Amino acid sequence: MLATNFVTDSRMGTDYGTDKRMLATDSVTDSRMGTDYGTDKRMNDFDTLIGLVSQHSPSGQERGAVEWLVKRMKSLGYDESFIDAAGNAVGVMGKGAKQVVLLGHIDTVPGEIPVVLTPNPSPHGRGELLYGRGSVDAKGPLACFVDAVARVGVVEGWQFVVIGAVEEERDSEGARFVATQYKPDFAIIGEPNHWDRIALGYKGSAPANVAVKRGQAHSASGEQTAAEAAVEVWLKVKAYADSFNADKQKVFDKLLLTLRGMDSDSSDFEQWARLKVGVRLPVDVSPSDWYLKLNEIVGDAKVEPIGFAVPAWGCEKNTPLVRAFLSGIRSQGGQPRFVYKTGTADLNIVAPVWKCPAVVYGPGDSALDHTPNEHILLEDYEKSVQAAQDALTRLVK
Ligand SMILES: [Zn+2]
C-alpha cells in the first residue's frame with residue numbers, strides 16, 4: 001500500500017516532517033484538508049516527491065529511503081523493484097530488449113531540514129514550495145524519473161530501469177556498481193538543472209596532496225623552509241592553470257584549481273609541508289594527464305592522488321535522446337536550454353563505461369544544492385514529470 005503519514009498544521013502549511021519514521025507504514029488523514037494521502041486508489045501527483053524527501057538519507061544512511069522507494073515503485077505498478085547488492089533502490093518497468101536507465105541518487109549531504117510545504121512567499125510567486133534536504137539535490141530529479149516512468153508504463157520492446165543510487169555525495173559507490181550491471185541504449189542521469197534545461201556536461205575531478213620535505217636547518221641559515229617551498233609549488237601550479245586557461249572562453253573548458261588545505265610540521269630532523277590541491281578538469285585533460293602534469297610542475301615535491309578521480313564528460317548533442325527531451329520540454333511550454341556544469345555527477349562514472357547517448361535532467365535550482373534553504377516549486381516538479389514522460393514516450397516509439 002502506498003502510505004504517507006500526513007500531519008497538517010494550519011499555521012505552517014503541511015508538515016510532512018513531523019514523524020518521518022512512521023511515514024512508510026502509517027497514514028493519517030486530516031479532515032480539514034479533505035485529502036487522504038493514505039489510499040493507494042488516489043494517485044497524488046506529489047506523493048513520490050514528498051514521501052522521498054521525508055525520508056532523511058544523508059550518505060551512508062540511505063536504507064530507510066531506499067526501502068521506502070522500493071515499496072513506492074511497487075505500488076506504482078513497476079514490474080520489479082528491489083534493493084541491489086550496492087544498496088541502491090531499483091525499479092524495472094517492462095521486459096524488452098532495449099533499455100533506458102534513469103539514474104538518480106537517493107543520498108543527500110548532511111543537515112536535516114524540516115520537510116514543510118508552504119505557499120510561495122514571493123509577491124509574484126506561483127504555487128507551493130516544498131522545503132527539505134534533498135528536495136533539489138537530487139530527490140526532485142529521482143522522484144521525477146519514478147513518476148514519469150510510472151506514467152509511461154510498459155512499452156513493447158523496451159525496459160526502463162530507474163535507480164536511486166547511494167553515496168553520490170561521497171565516492172559514488174552506488175553508481176560504480178551500477179556501471180558494471182547495465183549496458184543501456186540510453187542513459188538519463190538525475191541532477192537538478194531547472195525543469196526546462198538539459199545538462200550535457202559535468203567536469204572531472206582529480207584531487208591530490210602535494211608534499212614537500214626538508215631536513216631541519218637553523219632558522220637563521222637562510223635556507224628555504226618546507227612551508228616556503230610549498231607556497232612556491234602552489235604558485236607554480238596556479239601559474240600553469242592560468243596559462244592553460246588563457247585562451248579558453250568557457251568555464252567548462254578550463255582547469256579550475258582550489259587550494260583546499262595546507263599544513264606543515266617538523267620533527268627533530270625533518271620539516272614538511274603539504275598542500276591539498278583540488279581541480280575541476282575539462283574534457284581534454286584526463287585525471288592521469290593531470291597527475292602527470294602536476295608531477296612535472298612540482299619538481300621534487302611528492303604528488304599523492306587522493307579519493308576517487310573522475311574524468312569530465314560531455315554528452316553528444318545530436319542524439320534521439322536529446323531531441324526527445326527538447327520536445328518534452330517544449331510540450332510543457334518551456335524554451336529548452338543546454339547547460340554545462342562545473343561540478344561532477346554520477347554521469348562522470350557511468351557515461352565513460354556505457355558510451356551510449358546520455359543527458360542529465362531534473363527539476364530544481366542547483367544554486368540551492370547543499371544549502372539550508374533547499375526547496376523546490378511543486379509546479380516545476382510537475383512540469384518536469386510531464387516533460388520527462390513526453391520525452392520517454394517519444395524516445396521509445
Ligand atoms: Zn546531486
# chains A, B, ... in the order shown; residues from 1 in each chain; ligands from 1

$ closest_atom_pairs --of "chain A" --to "ligand 1" --cutoff "12 Å" --atoms "only C-alpha atoms and all ligand atoms" --output "CSV"
residue,atom,partner,partner_atom_place_in_ligand_line,distance
A:Pro58,CA,ligand 1,1 (Zn),11.8
A:Ser59,CA,ligand 1,1 (Zn),11.3
A:Leu103,CA,ligand 1,1 (Zn),11.0
A:Gly104,CA,ligand 1,1 (Zn),8.0
A:His105,CA,ligand 1,1 (Zn),6.6
A:Ile106,CA,ligand 1,1 (Zn),8.8
A:Asp107,CA,ligand 1,1 (Zn),8.3
A:Thr108,CA,ligand 1,1 (Zn),7.5
A:Val109,CA,ligand 1,1 (Zn),8.9
A:Arg133,CA,ligand 1,1 (Zn),11.5
A:Gly134,CA,ligand 1,1 (Zn),8.5
A:Ser135,CA,ligand 1,1 (Zn),10.5
A:Val136,CA,ligand 1,1 (Zn),8.1
A:Asp137,CA,ligand 1,1 (Zn),4.6
A:Ala138,CA,ligand 1,1 (Zn),4.8
A:Lys139,CA,ligand 1,1 (Zn),8.5
A:Gly140,CA,ligand 1,1 (Zn),10.0
A:Pro141,CA,ligand 1,1 (Zn),9.0
A:Leu142,CA,ligand 1,1 (Zn),9.9
A:Gly164,CA,ligand 1,1 (Zn),11.2
A:Ala165,CA,ligand 1,1 (Zn),10.4
A:Val166,CA,ligand 1,1 (Zn),10.8
A:Glu167,CA,ligand 1,1 (Zn),10.0
A:Glu168,CA,ligand 1,1 (Zn),6.8
A:Glu169,CA,ligand 1,1 (Zn),6.8
A:Arg170,CA,ligand 1,1 (Zn),10.4
A:Ser172,CA,ligand 1,1 (Zn),10.4
A:Ile189,CA,ligand 1,1 (Zn),9.8
A:Gly190,CA,ligand 1,1 (Zn),7.6
A:Glu191,CA,ligand 1,1 (Zn),5.3
A:Pro192,CA,ligand 1,1 (Zn),7.2
A:Asn193,CA,ligand 1,1 (Zn),10.3
A:Tyr202,CA,ligand 1,1 (Zn),11.5
A:Lys341,CA,ligand 1,1 (Zn),11.8
A:Gly343,CA,ligand 1,1 (Zn),9.4
A:Thr344,CA,ligand 1,1 (Zn),8.7
A:Ala345,CA,ligand 1,1 (Zn),6.5
A:Asp346,CA,ligand 1,1 (Zn),8.1
A:Leu347,CA,ligand 1,1 (Zn),10.4
A:Val360,CA,ligand 1,1 (Zn),10.7
A:Tyr361,CA,ligand 1,1 (Zn),11.1
A:Gly362,CA,ligand 1,1 (Zn),10.1
A:Pro363,CA,ligand 1,1 (Zn),11.6
A:Gly364,CA,ligand 1,1 (Zn),10.9
A:Asp365,CA,ligand 1,1 (Zn),11.4
A:Ser366,CA,ligand 1,1 (Zn),8.7
A:Ala367,CA,ligand 1,1 (Zn),11.5
A:Leu368,CA,ligand 1,1 (Zn),11.0
A:Asp369,CA,ligand 1,1 (Zn),7.6
A:His370,CA,ligand 1,1 (Zn),9.1

$ select_by_dssp --residues "region 126-370 of chain A" --states "strand (DSSP E)" --output "number ranges by chain"
A: 128-131, 158-165, 186-190, 197-202, 204-205, 208-215, 256-266, 270-281, 302-305, 313-314, 337-341, 358-361

$ select_by_dssp --residues "region 45-113 of chain A" --states "helix (DSSP H, G or I)" --output "list in words"
Asp47, Thr48, Leu49, Ile50, Gly51, Leu52, Val53, Ser54, Arg63, Gly64, Ala65, Val66, Glu67, Trp68, Leu69, Val70, Lys71, Arg72, Met73, Lys74 and Ser75 of chain A

$ write_last_selection --atoms "N, CA and C atoms" --output "short mmCIF file (atom, residue, chain, number, x, y, z; two decimals), in the first residue's frame"
data_model
loop_
_atom_site.label_atom_id
_atom_site.label_comp_id
_atom_site.auth_asym_id
_atom_site.auth_seq_id
_atom_site.Cartn_x
_atom_site.Cartn_y
_atom_site.Cartn_z
N ASP A 47 3.09 12.65 -4.16
CA ASP A 47 3.38 11.68 -3.10
C ASP A 47 4.79 11.10 -3.19
N THR A 48 5.26 10.82 -4.41
CA THR A 48 6.61 10.26 -4.54
C THR A 48 7.63 11.28 -4.04
N LEU A 49 7.48 12.52 -4.50
CA LEU A 49 8.42 13.58 -4.13
C LEU A 49 8.42 13.82 -2.61
N ILE A 50 7.22 14.04 -2.07
CA ILE A 50 7.14 14.40 -0.65
C ILE A 50 7.55 13.22 0.23
N GLY A 51 7.12 12.03 -0.15
CA GLY A 51 7.49 10.85 0.63
C GLY A 51 8.99 10.62 0.63
N LEU A 52 9.60 10.79 -0.54
CA LEU A 52 11.04 10.54 -0.65
C LEU A 52 11.84 11.59 0.12
N VAL A 53 11.44 12.84 0.01
CA VAL A 53 12.15 13.92 0.72
C VAL A 53 11.99 13.73 2.24
N SER A 54 10.84 13.18 2.64
CA SER A 54 10.58 12.99 4.08
C SER A 54 11.46 11.91 4.70
N ARG A 63 19.31 3.64 3.90
CA ARG A 63 18.49 2.43 3.87
C ARG A 63 16.99 2.67 3.96
N GLY A 64 16.58 3.51 4.91
CA GLY A 64 15.15 3.77 5.08
C GLY A 64 14.53 4.34 3.82
N ALA A 65 15.22 5.29 3.21
CA ALA A 65 14.72 5.92 1.98
C ALA A 65 14.67 4.90 0.85
N VAL A 66 15.69 4.05 0.78
CA VAL A 66 15.75 3.03 -0.27
C VAL A 66 14.56 2.07 -0.13
N GLU A 67 14.32 1.62 1.10
CA GLU A 67 13.20 0.69 1.33
C GLU A 67 11.87 1.36 0.98
N TRP A 68 11.76 2.63 1.36
CA TRP A 68 10.53 3.36 1.06
C TRP A 68 10.32 3.45 -0.46
N LEU A 69 11.39 3.77 -1.17
CA LEU A 69 11.26 3.97 -2.63
C LEU A 69 10.95 2.65 -3.34
N VAL A 70 11.55 1.56 -2.87
CA VAL A 70 11.27 0.25 -3.47
C VAL A 70 9.77 -0.08 -3.34
N LYS A 71 9.22 0.20 -2.15
CA LYS A 71 7.78 -0.04 -1.94
C LYS A 71 6.95 0.88 -2.83
N ARG A 72 7.40 2.11 -2.89
CA ARG A 72 6.66 3.10 -3.68
C ARG A 72 6.60 2.67 -5.16
N MET A 73 7.73 2.21 -5.68
CA MET A 73 7.76 1.80 -7.09
C MET A 73 6.83 0.61 -7.31
N LYS A 74 6.84 -0.32 -6.35
CA LYS A 74 5.93 -1.47 -6.44
C LYS A 74 4.49 -0.98 -6.53
N SER A 75 4.15 -0.04 -5.65
CA SER A 75 2.76 0.45 -5.61
C SER A 75 2.38 1.22 -6.87
#

$ closest_residue --among "A:Gly87, A:Thr225, A:Ser384, A:Phe186" --to "Gly334 (chain A)" --atoms "only C-alpha atoms"
A:Ser384

$ residues_around --residues "Glu304 (chain A)" --least-positions-apart "2" --cutoff "9 Å" --atoms "only C-alpha atoms" --output "PDB file with C-alpha atoms, in the first residue's frame"
ATOM      1  CA  PRO A 207      42.357  15.794  -6.071  1.00  0.00           C
ATOM      2  CA  ALA A 208      45.873  15.337  -4.767  1.00  0.00           C
ATOM      3  CA  ASN A 209      48.126  16.029  -1.838  1.00  0.00           C
ATOM      4  CA  VAL A 210      51.441  17.634  -2.720  1.00  0.00           C
ATOM      5  CA  ALA A 211      54.072  17.160  -0.011  1.00  0.00           C
ATOM      6  CA  TYR A 291      48.613  13.893 -12.277  1.00  0.00           C
ATOM      7  CA  LYS A 302      55.614  14.391  -3.944  1.00  0.00           C
ATOM      8  CA  ILE A 306      43.553  11.196  -3.004  1.00  0.00           C
TER       9      ILE A 306
END

$ closest_residue --among "A:Val339, A:Val161, A:Val212, A:Val353" --to "Asp263 (chain A)" --atoms "only C-alpha atoms"
A:Val212

$ residues_around --residues "region 99-101 of chain A" --least-positions-apart "5" --cutoff "6 Å" --atoms "only C-alpha atoms" --output "PyMOL selection string"
chain A and resi 158-161+184-187

$ write_last_selection --atoms "C-alpha atoms" --output "PDB file, in the first residue's frame"
ATOM      1  CA  TRP A 158      11.671  -1.685 -24.074  1.00  0.00           C
ATOM      2  CA  GLN A 159      12.718  -1.761 -20.480  1.00  0.00           C
ATOM      3  CA  PHE A 160      13.009   1.249 -18.173  1.00  0.00           C
ATOM      4  CA  VAL A 161      15.281   0.880 -15.156  1.00  0.00           C
ATOM      5  CA  PRO A 184      21.741   0.643 -21.701  1.00  0.00           C
ATOM      6  CA  ASP A 185      20.809   2.073 -25.085  1.00  0.00           C
ATOM      7  CA  PHE A 186      20.122   5.429 -23.421  1.00  0.00           C
ATOM      8  CA  ALA A 187      21.088   6.883 -20.043  1.00  0.00           C
TER       9      ALA A 187
END

$ residues_around --residues "Phe252 (chain A)" --least-positions-apart "4" --cutoff "9 Å" --atoms "only C-alpha atoms" --output "PDB file with N, CA and C atoms, in the first residue's frame"
ATOM      1  N   GLY A 201      27.070  18.418 -19.806  1.00  0.00           N
ATOM      2  CA  GLY A 201      28.444  18.174 -19.386  1.00  0.00           C
ATOM      3  C   GLY A 201      28.668  18.422 -17.915  1.00  0.00           C
ATOM      4  N   TYR A 202      29.488  17.576 -17.318  1.00  0.00           N
ATOM      5  CA  TYR A 202      29.962  17.783 -15.947  1.00  0.00           C
ATOM      6  C   TYR A 202      31.475  17.650 -15.967  1.00  0.00           C
ATOM      7  N   LYS A 203      32.140  18.489 -15.178  1.00  0.00           N
ATOM      8  CA  LYS A 203      33.598  18.474 -15.181  1.00  0.00           C
ATOM      9  C   LYS A 203      34.150  17.272 -14.416  1.00  0.00           C
ATOM     10  N   LYS A 248      40.956  29.979 -23.211  1.00  0.00           N
ATOM     11  CA  LYS A 248      39.677  29.250 -23.132  1.00  0.00           C
ATOM     12  C   LYS A 248      38.562  30.217 -22.743  1.00  0.00           C
ATOM     13  N   LEU A 281      38.382  19.348 -13.882  1.00  0.00           N
ATOM     14  CA  LEU A 281      39.051  19.145 -15.169  1.00  0.00           C
ATOM     15  C   LEU A 281      38.114  19.365 -16.359  1.00  0.00           C
ATOM     16  N   PRO A 282      38.655  19.874 -17.461  1.00  0.00           N
ATOM     17  CA  PRO A 282      37.899  19.910 -18.718  1.00  0.00           C
ATOM     18  C   PRO A 282      37.966  18.532 -19.393  1.00  0.00           C
ATOM     19  N   VAL A 283      37.185  18.371 -20.452  1.00  0.00           N
ATOM     20  CA  VAL A 283      37.096  17.070 -21.128  1.00  0.00           C
ATOM     21  C   VAL A 283      38.453  16.625 -21.689  1.00  0.00           C
ATOM     22  N   TYR A 340      26.251  23.349 -19.139  1.00  0.00           N
ATOM     23  CA  TYR A 340      27.456  22.590 -18.801  1.00  0.00           C
ATOM     24  C   TYR A 340      27.850  22.991 -17.400  1.00  0.00           C
ATOM     25  N   LYS A 341      28.079  22.018 -16.515  1.00  0.00           N
ATOM     26  CA  LYS A 341      28.257  22.299 -15.101  1.00  0.00           C
ATOM     27  C   LYS A 341      29.726  22.182 -14.682  1.00  0.00           C
ATOM     28  N   THR A 342      30.033  22.891 -13.601  1.00  0.00           N
ATOM     29  CA  THR A 342      31.426  22.851 -13.122  1.00  0.00           C
ATOM     30  C   THR A 342      31.644  21.746 -12.089  1.00  0.00           C
TER      31      THR A 342
END

$ atom_distance --atom1 "CA of Asp380 (chain A)" --atom2 "CA of Pro123 (chain A)"
17.5 Å

$ atom_distance --atom1 "CA of Tyr131 (chain A)" --atom2 "CA of Ala199 (chain A)"
23.7 Å
